[in-house]
$ cat start12.csv   # CSV, N, CA and C atoms
chain,number,residue,atom,x,y,z
A,1,MET,N,3.6,-12.5,-26.0
A,1,MET,CA,2.6,-11.5,-25.8
A,1,MET,C,2.9,-10.3,-26.6
A,2,MET,N,1.9,-9.9,-27.3
A,2,MET,CA,2.1,-8.7,-28.2
A,2,MET,C,2.0,-7.4,-27.4
A,3,PRO,N,2.8,-6.4,-27.8
A,3,PRO,CA,2.8,-5.1,-27.1
A,3,PRO,C,1.4,-4.5,-27.2
A,4,PRO,N,0.8,-3.9,-26.2
A,4,PRO,CA,-0.6,-3.4,-26.3
A,4,PRO,C,-0.7,-2.1,-27.0
A,5,LEU,N,0.3,-1.4,-27.3
A,5,LEU,CA,0.2,0.0,-27.9
A,5,LEU,C,0.9,0.1,-29.2
A,6,THR,N,0.5,1.0,-30.0
A,6,THR,CA,1.1,1.4,-31.3
A,6,THR,C,1.8,2.8,-31.1
A,7,ALA,N,3.0,2.9,-31.7
A,7,ALA,CA,3.6,4.2,-31.7
A,7,ALA,C,3.8,4.6,-33.2
A,8,GLN,N,3.2,5.7,-33.6
A,8,GLN,CA,3.5,6.3,-34.9
A,8,GLN,C,4.5,7.4,-34.7
A,9,ILE,N,5.6,7.3,-35.3
A,9,ILE,CA,6.7,8.2,-35.1
A,9,ILE,C,7.0,9.0,-36.4
A,10,SER,N,7.0,10.3,-36.2
A,10,SER,CA,7.3,11.2,-37.4
A,10,SER,C,8.4,12.1,-37.0
A,11,ARG,N,9.2,12.5,-38.0
A,11,ARG,CA,10.4,13.4,-37.8
A,11,ARG,C,10.3,14.5,-38.7
A,12,ASP,N,10.7,15.7,-38.3
A,12,ASP,CA,10.8,16.9,-39.1
A,12,ASP,C,12.0,17.6,-38.7
A,13,GLU,N,12.2,18.8,-39.2
A,13,GLU,CA,13.4,19.6,-38.9
A,13,GLU,C,13.5,20.1,-37.4
A,14,VAL,N,12.3,20.1,-36.7
A,14,VAL,CA,12.3,20.5,-35.3
A,14,VAL,C,12.6,19.3,-34.4
A,15,GLY,N,12.1,18.1,-34.7
A,15,GLY,CA,12.3,17.0,-33.8
A,15,GLY,C,11.5,15.8,-34.2
A,16,VAL,N,11.1,15.1,-33.2
A,16,VAL,CA,10.3,13.9,-33.3
A,16,VAL,C,9.0,14.0,-32.6
A,17,THR,N,7.9,13.5,-33.3
A,17,THR,CA,6.6,13.4,-32.7
A,17,THR,C,6.2,12.0,-32.6
A,18,LEU,N,5.7,11.6,-31.4
A,18,LEU,CA,5.2,10.2,-31.2
A,18,LEU,C,3.7,10.3,-30.9
A,19,TYR,N,2.9,9.5,-31.6
A,19,TYR,CA,1.5,9.4,-31.4
A,19,TYR,C,1.1,8.0,-31.1
A,20,CYS,N,0.2,7.8,-30.1
A,20,CYS,CA,-0.3,6.5,-29.7
A,20,CYS,C,-1.8,6.6,-30.0
A,21,PRO,N,-2.3,5.9,-31.1
A,21,PRO,CA,-3.7,6.0,-31.4
A,21,PRO,C,-4.6,5.3,-30.3
A,22,GLU,N,-4.2,4.3,-29.7
A,22,GLU,CA,-5.0,3.6,-28.7
A,22,GLU,C,-5.4,4.5,-27.5
A,23,LEU,N,-4.5,5.4,-27.2
A,23,LEU,CA,-4.8,6.3,-26.0
A,23,LEU,C,-4.9,7.7,-26.5
A,24,ASN,N,-4.7,8.0,-27.8
A,24,ASN,CA,-4.8,9.4,-28.3
A,24,ASN,C,-3.8,10.3,-27.6
A,25,ILE,N,-2.6,9.8,-27.4
A,25,ILE,CA,-1.6,10.6,-26.7
A,25,ILE,C,-0.5,11.0,-27.7
A,26,TYR,N,-0.1,12.3,-27.7
A,26,TYR,CA,1.0,12.8,-28.5
A,26,TYR,C,2.1,13.2,-27.6
A,27,THR,N,3.3,12.9,-28.0
A,27,THR,CA,4.5,13.5,-27.3
A,27,THR,C,5.5,13.9,-28.3
A,28,CYS,N,6.4,14.8,-27.9
A,28,CYS,CA,7.4,15.2,-28.9
A,28,CYS,C,8.7,15.4,-28.1
A,29,GLY,N,9.8,15.4,-28.9
A,29,GLY,CA,11.1,15.7,-28.3
A,29,GLY,C,12.1,16.0,-29.4
A,30,LYS,N,13.3,16.5,-29.0
A,30,LYS,CA,14.3,16.7,-30.0
A,30,LYS,C,14.8,15.5,-30.6
A,31,THR,N,14.8,14.4,-29.9
A,31,THR,CA,15.2,13.1,-30.3
A,31,THR,C,14.1,12.0,-30.1
A,32,GLU,N,14.2,10.9,-30.8
A,32,GLU,CA,13.2,9.8,-30.5
A,32,GLU,C,13.3,9.3,-29.1
A,33,GLN,N,14.5,9.2,-28.6
A,33,GLN,CA,14.6,8.8,-27.2
A,33,GLN,C,13.9,9.7,-26.2
A,34,GLU,N,14.0,11.1,-26.4
A,34,GLU,CA,13.3,12.0,-25.6
A,34,GLU,C,11.8,11.9,-25.7
A,35,ALA,N,11.3,11.7,-27.0
A,35,ALA,CA,9.9,11.5,-27.2
A,35,ALA,C,9.4,10.3,-26.5
A,36,ARG,N,10.2,9.2,-26.6
A,36,ARG,CA,9.8,8.0,-25.9
A,36,ARG,C,9.7,8.1,-24.4
A,37,GLY,N,10.7,8.8,-23.8
A,37,GLY,CA,10.7,9.0,-22.4
A,37,GLY,C,9.5,9.9,-22.0
A,38,LYS,N,9.2,10.9,-22.8
A,38,LYS,CA,8.0,11.7,-22.5
A,38,LYS,C,6.7,10.9,-22.6
A,39,PHE,N,6.7,9.9,-23.5
A,39,PHE,CA,5.5,9.1,-23.8
A,39,PHE,C,5.3,8.2,-22.5
A,40,ILE,N,6.4,7.6,-22.0
A,40,ILE,CA,6.2,6.8,-20.8
A,40,ILE,C,5.7,7.7,-19.6
A,41,ASN,N,6.2,8.9,-19.5
A,41,ASN,CA,5.7,9.8,-18.4
A,41,ASN,C,4.2,10.1,-18.7
A,42,ALA,N,3.9,10.3,-19.9
A,42,ALA,CA,2.5,10.7,-20.3
A,42,ALA,C,1.5,9.6,-19.9
A,43,ILE,N,2.0,8.3,-20.1
A,43,ILE,CA,1.1,7.2,-19.8
A,43,ILE,C,0.8,7.2,-18.3
A,44,PHE,N,1.8,7.4,-17.4
A,44,PHE,CA,1.6,7.5,-16.0
A,44,PHE,C,0.7,8.6,-15.6
A,45,GLU,N,1.0,9.8,-16.2
A,45,GLU,CA,0.1,11.0,-15.9
A,45,GLU,C,-1.3,10.8,-16.3
A,46,TYR,N,-1.5,10.2,-17.5
A,46,TYR,CA,-2.9,9.9,-17.9
A,46,TYR,C,-3.6,8.9,-17.0
A,47,TRP,N,-2.9,7.9,-16.6
A,47,TRP,CA,-3.5,6.9,-15.7
A,47,TRP,C,-3.9,7.5,-14.4
A,48,HIS,N,-3.0,8.4,-13.9
A,48,HIS,CA,-3.3,9.1,-12.6
A,48,HIS,C,-4.5,10.0,-12.8
A,49,PHE,N,-4.5,10.7,-13.9
A,49,PHE,CA,-5.7,11.6,-14.2
A,49,PHE,C,-7.0,10.8,-14.2
A,50,LEU,N,-7.0,9.6,-15.0
A,50,LEU,CA,-8.2,8.8,-15.1
A,50,LEU,C,-8.6,8.3,-13.7
A,51,GLN,N,-7.6,7.9,-12.9
A,51,GLN,CA,-7.9,7.4,-11.5
A,51,GLN,C,-8.5,8.5,-10.7
A,52,ALA,N,-8.1,9.7,-10.8
A,52,ALA,CA,-8.5,10.8,-10.0
A,52,ALA,C,-9.9,11.3,-10.3
A,53,HIS,N,-10.3,11.1,-11.5
A,53,HIS,CA,-11.6,11.5,-12.0
A,53,HIS,C,-12.6,10.4,-12.2
A,54,ASP,N,-13.8,10.6,-12.1
A,54,ASP,CA,-14.8,9.6,-12.3
A,54,ASP,C,-15.2,9.4,-13.7
A,55,PHE,N,-14.3,8.8,-14.5
A,55,PHE,CA,-14.6,8.6,-15.9
A,55,PHE,C,-14.9,7.1,-16.2
A,56,LYS,N,-15.3,6.4,-15.2
A,56,LYS,CA,-15.4,4.9,-15.3
A,56,LYS,C,-16.5,4.5,-16.3
A,57,ASN,N,-17.5,5.4,-16.6
A,57,ASN,CA,-18.5,5.0,-17.5
A,57,ASN,C,-18.5,5.8,-18.8
A,58,GLU,N,-17.6,6.7,-19.0
A,58,GLU,CA,-17.5,7.6,-20.1
A,58,GLU,C,-16.5,7.0,-21.2
A,59,LEU,N,-17.0,7.0,-22.4
A,59,LEU,CA,-16.1,6.5,-23.5
A,59,LEU,C,-15.3,7.7,-24.0
A,60,PRO,N,-14.1,7.6,-24.4
A,60,PRO,CA,-13.2,6.5,-24.4
A,60,PRO,C,-12.4,6.3,-23.1
A,61,TYR,N,-12.7,7.1,-22.1
A,61,TYR,CA,-11.9,7.1,-20.9
A,61,TYR,C,-12.0,5.7,-20.2
A,62,LYS,N,-13.2,5.1,-20.2
A,62,LYS,CA,-13.4,3.8,-19.6
A,62,LYS,C,-12.4,2.8,-20.2
A,63,GLU,N,-12.4,2.7,-21.6
A,63,GLU,CA,-11.6,1.8,-22.3
A,63,GLU,C,-10.1,2.1,-22.0
A,64,HIS,N,-9.7,3.4,-22.0
A,64,HIS,CA,-8.4,3.8,-21.8
A,64,HIS,C,-7.9,3.3,-20.4
A,65,LEU,N,-8.7,3.5,-19.4
A,65,LEU,CA,-8.4,3.1,-18.0
A,65,LEU,C,-8.2,1.6,-17.9
A,66,GLU,N,-9.1,0.9,-18.6
A,66,GLU,CA,-9.0,-0.6,-18.6
A,66,GLU,C,-7.7,-1.0,-19.3
A,67,LEU,N,-7.4,-0.4,-20.4
A,67,LEU,CA,-6.2,-0.8,-21.2
A,67,LEU,C,-5.0,-0.5,-20.4
A,68,LEU,N,-4.9,0.7,-19.8
A,68,LEU,CA,-3.8,1.1,-19.0
A,68,LEU,C,-3.6,0.1,-17.8
A,69,THR,N,-4.7,-0.1,-17.0
A,69,THR,CA,-4.6,-0.9,-15.8
A,69,THR,C,-4.4,-2.4,-16.1
A,70,ASN,N,-5.0,-2.9,-17.1
A,70,ASN,CA,-5.0,-4.4,-17.3
A,70,ASN,C,-3.8,-4.8,-18.2
A,71,GLU,N,-3.4,-3.9,-19.1
A,71,GLU,CA,-2.4,-4.4,-20.0
A,71,GLU,C,-1.1,-3.5,-20.0
A,72,VAL,N,-1.2,-2.2,-20.1
A,72,VAL,CA,-0.1,-1.4,-20.3
A,72,VAL,C,0.8,-1.3,-19.0
A,73,LEU,N,0.3,-1.0,-17.9
A,73,LEU,CA,1.1,-0.9,-16.7
A,73,LEU,C,1.7,-2.3,-16.3
A,74,PRO,N,1.0,-3.4,-16.4
A,74,PRO,CA,1.7,-4.7,-16.1
A,74,PRO,C,2.9,-4.9,-17.1
A,75,VAL,N,2.8,-4.5,-18.4
A,75,VAL,CA,3.9,-4.7,-19.3
A,75,VAL,C,5.0,-3.8,-18.9
A,76,LEU,N,4.7,-2.5,-18.6
A,76,LEU,CA,5.8,-1.6,-18.1
A,76,LEU,C,6.5,-2.1,-16.9
A,77,ALA,N,5.8,-2.7,-15.9
A,77,ALA,CA,6.4,-3.2,-14.7
A,77,ALA,C,7.3,-4.4,-15.1
A,78,SER,N,6.8,-5.3,-15.9
A,78,SER,CA,7.6,-6.4,-16.3
A,78,SER,C,8.9,-6.0,-17.0
A,79,ALA,N,8.7,-5.1,-18.0
A,79,ALA,CA,9.8,-4.7,-18.8
A,79,ALA,C,10.8,-4.0,-17.9
A,80,SER,N,10.4,-3.2,-17.0
A,80,SER,CA,11.3,-2.5,-16.1
A,80,SER,C,12.1,-3.5,-15.2
A,81,LEU,N,11.5,-4.5,-14.8
A,81,LEU,CA,12.2,-5.5,-14.0
A,81,LEU,C,13.3,-6.2,-14.8
A,82,ARG,N,13.0,-6.4,-16.1
A,82,ARG,CA,14.0,-7.1,-17.0
A,82,ARG,C,15.0,-6.2,-17.6
A,83,SER,N,14.9,-4.9,-17.5
A,83,SER,CA,15.8,-4.0,-18.1
A,83,SER,C,17.2,-4.0,-17.5
A,84,SER,N,18.2,-4.1,-18.3
A,84,SER,CA,19.6,-4.1,-17.9
A,84,SER,C,20.0,-2.7,-17.5
A,85,HIS,N,19.2,-1.7,-17.8
A,85,HIS,CA,19.5,-0.3,-17.5
A,85,HIS,C,18.8,0.3,-16.3
A,86,ARG,N,18.1,-0.6,-15.6
A,86,ARG,CA,17.4,-0.1,-14.4
A,86,ARG,C,18.3,0.0,-13.3
A,87,PRO,N,18.2,1.0,-12.5
A,87,PRO,CA,19.1,1.2,-11.3
A,87,PRO,C,18.8,0.1,-10.3
A,88,PRO,N,19.8,-0.3,-9.6
A,88,PRO,CA,19.6,-1.4,-8.6
A,88,PRO,C,18.5,-0.9,-7.5
A,89,SER,N,17.6,-1.8,-7.3
A,89,SER,CA,16.6,-1.5,-6.2
A,89,SER,C,17.1,-2.0,-4.9
A,90,PHE,N,16.3,-1.8,-3.9
A,90,PHE,CA,16.6,-2.3,-2.6
A,90,PHE,C,16.6,-3.8,-2.6
A,91,ILE,N,15.7,-4.4,-3.3
A,91,ILE,CA,15.6,-5.9,-3.5
A,91,ILE,C,16.9,-6.4,-4.1
A,92,ASP,N,17.3,-5.8,-5.2
A,92,ASP,CA,18.6,-6.2,-5.9
A,92,ASP,C,19.7,-6.1,-4.9
A,93,LYS,N,19.8,-5.1,-4.2
A,93,LYS,CA,20.9,-4.9,-3.2
A,93,LYS,C,20.9,-6.0,-2.1
A,94,LEU,N,19.7,-6.3,-1.7
A,94,LEU,CA,19.5,-7.3,-0.7
A,94,LEU,C,19.8,-8.7,-1.2
A,95,VAL,N,19.4,-9.0,-2.4
A,95,VAL,CA,19.8,-10.3,-3.0
A,95,VAL,C,21.3,-10.4,-3.2
A,96,LYS,N,21.9,-9.4,-3.6
A,96,LYS,CA,23.4,-9.4,-3.7
A,96,LYS,C,24.1,-9.6,-2.4
A,97,LEU,N,23.6,-8.9,-1.4
A,97,LEU,CA,24.1,-9.1,0.0
A,97,LEU,C,23.9,-10.5,0.5
A,98,LEU,N,22.7,-11.1,0.3
A,98,LEU,CA,22.4,-12.4,0.8
A,98,LEU,C,23.2,-13.5,0.0
A,99,SER,N,23.6,-13.2,-1.2
A,99,SER,CA,24.3,-14.2,-2.0
A,99,SER,C,25.7,-14.4,-1.4
A,100,ARG,N,26.2,-13.4,-0.6
A,100,ARG,CA,27.6,-13.5,0.0
A,100,ARG,C,27.5,-13.7,1.5
A,101,ARG,N,26.6,-14.5,1.9
A,101,ARG,CA,26.4,-14.7,3.4
A,101,ARG,C,27.3,-15.8,3.9
A,102,GLU,N,27.4,-15.9,5.2
A,102,GLU,CA,28.2,-17.0,5.8
A,102,GLU,C,27.2,-18.0,6.4
A,103,GLU,N,27.7,-19.2,6.6
A,103,GLU,CA,26.8,-20.3,7.1
A,103,GLU,C,26.2,-20.0,8.4
A,104,SER,N,27.0,-19.3,9.3
A,104,SER,CA,26.4,-19.0,10.6
A,104,SER,C,25.2,-18.1,10.5
A,105,TRP,N,25.2,-17.2,9.5
A,105,TRP,CA,24.1,-16.3,9.3
A,105,TRP,C,22.9,-17.1,8.9
A,106,ASP,N,23.1,-18.1,8.0
A,106,ASP,CA,22.0,-19.0,7.6
A,106,ASP,C,21.3,-19.6,8.8
A,107,ALA,N,22.1,-20.1,9.7
A,107,ALA,CA,21.5,-20.7,10.9
A,107,ALA,C,20.7,-19.7,11.7
A,108,ASP,N,21.2,-18.5,11.8
A,108,ASP,CA,20.5,-17.5,12.6
A,108,ASP,C,19.1,-17.1,12.0
A,109,VAL,N,19.0,-17.1,10.7
A,109,VAL,CA,17.8,-16.7,10.1
A,109,VAL,C,16.8,-17.8,9.7
A,110,PHE,N,17.3,-19.0,9.7
A,110,PHE,CA,16.5,-20.2,9.3
A,110,PHE,C,15.2,-20.2,10.1
A,111,GLY,N,15.3,-20.1,11.4
A,111,GLY,CA,14.1,-20.2,12.2
A,111,GLY,C,13.1,-19.1,11.9
A,112,SER,N,13.5,-18.0,11.4
A,112,SER,CA,12.6,-16.9,11.0
A,112,SER,C,11.8,-17.2,9.8
A,113,LEU,N,12.3,-18.1,8.9
A,113,LEU,CA,11.8,-18.4,7.6
A,113,LEU,C,10.9,-19.7,7.6
A,114,VAL,N,11.2,-20.6,8.5
A,114,VAL,CA,10.6,-21.9,8.4
A,114,VAL,C,9.8,-22.2,9.7
A,115,LYS,N,8.5,-22.7,9.5
A,115,LYS,CA,7.7,-23.0,10.7
A,115,LYS,C,8.3,-24.1,11.5
A,116,SER,N,8.7,-25.2,10.8
A,116,SER,CA,9.3,-26.3,11.5
A,116,SER,C,10.1,-27.1,10.5
A,117,SER,N,11.1,-27.7,11.0
A,117,SER,CA,12.0,-28.5,10.1
A,117,SER,C,11.8,-30.0,10.4
A,118,ALA,N,11.4,-30.7,9.4
A,118,ALA,CA,11.1,-32.2,9.6
A,118,ALA,C,12.5,-32.9,9.5
A,119,PRO,N,12.7,-33.9,10.3
A,119,PRO,CA,13.9,-34.7,10.3
A,119,PRO,C,14.1,-35.5,9.0

$ encode --input "start12.csv" --output "structure tokens"
Amino acid sequence: MMPPLTAQISRDEVGVTLYCPELNIYTCGKTEQEARGKFINAIFEYWHFLQAHDFKNELPYKEHLELLTNEVLPVLASASLRSSHRPPSFIDKLVKLLSRREESWDADVFGSLVKSSAP
């Protein structure tokens, strides 16, 4: 799957500017990492803004909302789940806890998970 957005990055003596032509979003930072972080935040802020206002039939907002909802946010969610730098979530902690369980615990919870067990 191809990434849905383009980032045009420029540097000068002040810092880094990142421009996304598909969404017409500019961000900047002292470093590229800072500009990228601000860009991710800008995506969420823009999506919330579009959701809060009735731009569903106005161009380019309609296309931007569709792009963000149908392509960008799912890619962000997927990438976040695969990131080795993401902090452990409740689910991660639960999976780790369950991987160190005892057999007696399995017997206790089996009935909660299975409708019936066939012989």

$ select_by_dssp --input "start12.csv" --residues "chain A" --states "alpha helix (DSSP H)" --output "PyMOL selection string"
chain A and resi 32-52+61-67+73-82+90-98+103-113

$ closest_residue --input "start12.csv" --among "A:Asp54, A:Asp12, A:Glu71, A:Glu63" --to "Asn24 in chain A" --atoms "only C-alpha atoms"
A:Glu63

$ atom_distance --input "start12.csv" --atom1 "CA of Lys62 in chain A" --atom2 "CA of Leu23 in chain A"
11.0 Å

$ select_by_dssp --input "start12.csv" --residues "range 4-116 of chain A" --states "strand (DSSP E or B)" --output "PyMOL selection string"
chain A and resi 8-11+16-20+25-29

$ atom_distance --input "start12.csv" --atom1 "CA of Ile43 in chain A" --atom2 "atom C of Glu13 in chain A"
25.1 Å
